[in-house]
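Asks: Please see the structure below; I have some questions.
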Amino acid sequence: MNLFTLPDDDWLLLGFIRKAQGIRGEVSIQCFSGQPENMKLYPEVSLINKEGIVSDSVVIENARVQGKYAVLHFQGFSTRNKAEEVRGSGIIIRKELLPAIRKDEYYLHQLVGKSVKLVSGKVLGRVRSFFNNGAHDVAVIEKERGEEVYIPMIKGVIVQNDGQELVIDPPEGLLEANKAKGDVEEKGSE
């Protein structure tokens, strides 16, 4: 379930403000990437409330990691009261402002809609979305008949990403283990 409705596909939801942190206007952020250190890479972001209203750009003056959270200090936020005003807001960024990545890297949002094949060459489906299970990112693959399969985005499972499709080599039993109860599989169709 998405708590925030983004204005359009040009935006990416990075996380949300959990609470005010301290008395100098800092905020504690739950990062959806599971990598709070990445918040240091974004010089400015926007905030979005649950009604979908987007703020003007907010400059990140300081970012640090505290446990599994990022702690940010926004320019112009000098009191705890100011930080409390934005508690619960989403942190969003325009995709065009994301830092450049190496040729062998990718952002998860770039994979949505891509074809997913097994190493055997059989098409499994298309990437519909992602979530983080606390240990790693998981791709939600939509199969032809609308069924979903969950694939961990870890080395060894993802064997190729050429920008057009993902090739995966799931461990034996993974595809069967995460099928929804009641799904009927024709013999030999996997």
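By order of appearance in the structure tokens: chains A, B, ..., then residues from 1 within every chain, and ligands from 1 in the order shown.
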I'd like the contact shell of A:Ser46 - 7 Å cut-off, only C-alpha atoms, skipping same-chain residues fewer than 2 positions apart - returned as an NGL selection string.
Replies: :A and (48 or 54-58 or 91-93)
Asks: Quick one: contact table of stretch 23-85 of chain A to stretch 124-146 of chain A, 8 Å max, nearest atom pair and distance in Å to one decimal per residue, counting only C-alpha atoms, chain and number order, as JSON lines?
Replies:
```
{"residue": "A:Phe32", "atom": "CA", "partner": "A:Asn132", "partner_atom": "CA", "distance": 7.0}
{"residue": "A:Ser33", "atom": "CA", "partner": "A:Asn132", "partner_atom": "CA", "distance": 7.1}
{"residue": "A:Gly34", "atom": "CA", "partner": "A:Gly134", "partner_atom": "CA", "distance": 7.1}
```
Asks: So which bits of stretch 2-96 of chain A end up strand (DSSP E) when you DSSP the backbone, as a PyMOL selection string?
Replies: chain A and resi 11-21+26-31+44-48+58-66+69-74+90-94
Asks: Go ahead and write the residues just picked, N, CA and C atoms, as a CSV table (one decimal), in the first residue's frame.
Replies:
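Output file result_1.csv follows:
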```
chain,number,residue,atom,x,y,z
A,11,TRP,N,8.6,11.6,-10.5
A,11,TRP,CA,9.0,11.6,-9.1
A,11,TRP,C,9.3,10.2,-8.5
A,12,LEU,N,10.2,10.2,-7.5
A,12,LEU,CA,10.5,8.9,-6.9
A,12,LEU,C,10.4,9.1,-5.4
A,13,LEU,N,9.7,8.2,-4.7
A,13,LEU,CA,9.5,8.3,-3.2
A,13,LEU,C,10.7,7.7,-2.6
A,14,LEU,N,11.4,8.4,-1.8
A,14,LEU,CA,12.6,7.9,-1.1
A,14,LEU,C,12.4,7.4,0.3
A,15,GLY,N,11.4,7.9,0.9
A,15,GLY,CA,11.1,7.5,2.3
A,15,GLY,C,10.1,8.5,2.9
A,16,PHE,N,10.0,8.5,4.2
A,16,PHE,CA,9.1,9.4,4.9
A,16,PHE,C,9.7,9.8,6.2
A,17,ILE,N,9.2,11.0,6.7
A,17,ILE,CA,9.7,11.6,8.0
A,17,ILE,C,9.0,10.9,9.1
A,18,ARG,N,9.7,10.2,9.9
A,18,ARG,CA,9.2,9.4,11.1
A,18,ARG,C,8.9,10.4,12.2
A,19,LYS,N,9.8,11.3,12.5
A,19,LYS,CA,9.6,12.1,13.7
A,19,LYS,C,10.7,13.3,13.7
A,20,ALA,N,10.4,14.2,14.5
A,20,ALA,CA,11.4,15.3,14.7
A,20,ALA,C,12.6,14.6,15.6
A,21,GLN,N,13.8,15.1,15.3
A,21,GLN,CA,15.0,14.5,16.0
A,21,GLN,C,15.7,15.7,16.7
A,26,GLU,N,16.1,18.9,13.1
A,26,GLU,CA,16.4,17.7,12.4
A,26,GLU,C,15.2,16.8,12.3
A,27,VAL,N,15.2,15.9,11.3
A,27,VAL,CA,14.1,14.9,11.2
A,27,VAL,C,14.7,13.6,10.9
A,28,SER,N,14.0,12.6,11.5
A,28,SER,CA,14.5,11.2,11.3
A,28,SER,C,13.7,10.6,10.1
A,29,ILE,N,14.4,10.0,9.2
A,29,ILE,CA,13.8,9.5,7.9
A,29,ILE,C,13.9,7.9,7.9
A,30,GLN,N,12.7,7.3,7.5
A,30,GLN,CA,12.7,5.9,7.2
A,30,GLN,C,12.9,5.9,5.7
A,31,CYS,N,14.0,5.3,5.2
A,31,CYS,CA,14.4,5.2,3.8
A,31,CYS,C,13.9,3.9,3.2
A,44,GLU,N,19.0,18.3,-2.6
A,44,GLU,CA,17.7,18.8,-2.4
A,44,GLU,C,16.6,17.8,-2.7
A,45,VAL,N,15.5,17.9,-2.0
A,45,VAL,CA,14.4,17.0,-2.2
A,45,VAL,C,13.1,17.9,-2.1
A,46,SER,N,12.0,17.2,-2.2
A,46,SER,CA,10.7,17.9,-1.9
A,46,SER,C,10.0,17.0,-0.9
A,47,LEU,N,9.0,17.6,-0.3
A,47,LEU,CA,8.2,16.9,0.7
A,47,LEU,C,6.8,16.8,0.1
A,48,ILE,N,6.1,15.7,0.4
A,48,ILE,CA,4.7,15.5,-0.1
A,48,ILE,C,3.9,15.0,1.1
A,58,VAL,N,13.5,21.5,-1.0
A,58,VAL,CA,14.1,21.7,0.3
A,58,VAL,C,15.5,21.3,0.2
A,59,VAL,N,16.4,22.2,0.6
A,59,VAL,CA,17.9,21.9,0.6
A,59,VAL,C,18.3,21.0,1.8
A,60,ILE,N,19.0,20.0,1.6
A,60,ILE,CA,19.5,19.2,2.7
A,60,ILE,C,20.8,19.7,3.1
A,61,GLU,N,20.9,20.4,4.3
A,61,GLU,CA,22.2,21.0,4.7
A,61,GLU,C,23.1,19.9,5.4
A,62,ASN,N,22.5,18.9,6.0
A,62,ASN,CA,23.3,17.9,6.7
A,62,ASN,C,22.5,16.6,6.7
A,63,ALA,N,23.2,15.5,6.4
A,63,ALA,CA,22.6,14.2,6.5
A,63,ALA,C,23.6,13.2,7.2
A,64,ARG,N,23.0,12.4,8.1
A,64,ARG,CA,23.9,11.4,8.8
A,64,ARG,C,23.0,10.2,9.0
A,65,VAL,N,23.7,9.1,9.3
A,65,VAL,CA,23.0,7.9,9.6
A,65,VAL,C,23.0,7.6,11.1
A,66,GLN,N,21.8,7.2,11.6
A,66,GLN,CA,21.7,6.9,13.0
A,66,GLN,C,20.9,5.5,13.0
A,69,TYR,N,18.2,4.5,10.3
A,69,TYR,CA,17.5,5.7,9.8
A,69,TYR,C,18.5,6.8,9.3
A,70,ALA,N,18.0,7.7,8.5
A,70,ALA,CA,18.8,8.9,8.1
A,70,ALA,C,18.3,10.0,9.0
A,71,VAL,N,19.2,10.9,9.4
A,71,VAL,CA,18.8,12.1,10.1
A,71,VAL,C,19.2,13.2,9.2
A,72,LEU,N,18.2,14.1,8.9
A,72,LEU,CA,18.4,15.2,7.9
A,72,LEU,C,18.2,16.5,8.6
A,73,HIS,N,18.9,17.5,8.2
A,73,HIS,CA,18.7,18.9,8.6
A,73,HIS,C,18.4,19.7,7.3
A,74,PHE,N,17.2,20.2,7.2
A,74,PHE,CA,16.8,21.0,6.0
A,74,PHE,C,17.1,22.4,6.3
A,90,GLY,N,6.2,12.5,3.0
A,90,GLY,CA,7.1,11.7,2.2
A,90,GLY,C,8.2,12.6,1.7
A,91,ILE,N,9.4,11.9,1.5
A,91,ILE,CA,10.5,12.6,0.9
A,91,ILE,C,10.6,12.1,-0.6
A,92,ILE,N,10.5,13.1,-1.5
A,92,ILE,CA,10.5,12.7,-2.9
A,92,ILE,C,11.5,13.5,-3.7
A,93,ILE,N,11.9,13.0,-4.8
A,93,ILE,CA,12.9,13.6,-5.6
A,93,ILE,C,12.5,13.4,-7.1
A,94,ARG,N,12.8,14.4,-7.9
A,94,ARG,CA,12.6,14.2,-9.4
A,94,ARG,C,13.7,13.2,-9.8
```
Asks: Measuring between only C-alpha atoms, which one of A:Ile53, A:Leu108, A:Leu118, A:Ala177 shows the shortest distance to A:Val159?
Replies: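 The answer is A:Leu118, which sits nearest to A:Val159.
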Asks: Which neighbours of stretch 163-165 of chain A fall inside 10 Å, counting only C-alpha atoms, when residues of the same chain fewer than 4 positions from it are skipped, and could you give them as a PyMOL selection string?
Replies: chain A and resi 103-106+110-111+113-117+123+126-127
Asks: Give me, please, the distance in Å between atom CA of A:Val157 and atom CA of A:Ser120, quoted to one decimal.
Replies: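 Atom-to-atom, atom CA of A:Val157 to atom CA of A:Ser120, that is 13.3 Å.
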Asks: Using only C-alpha atoms, which of A:Asn81, A:Gly88, A:Ile168, A:Arg102 sits nearest A:Val119?
Replies: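 For A:Val119, the nearest of the given residues is A:Ile168.
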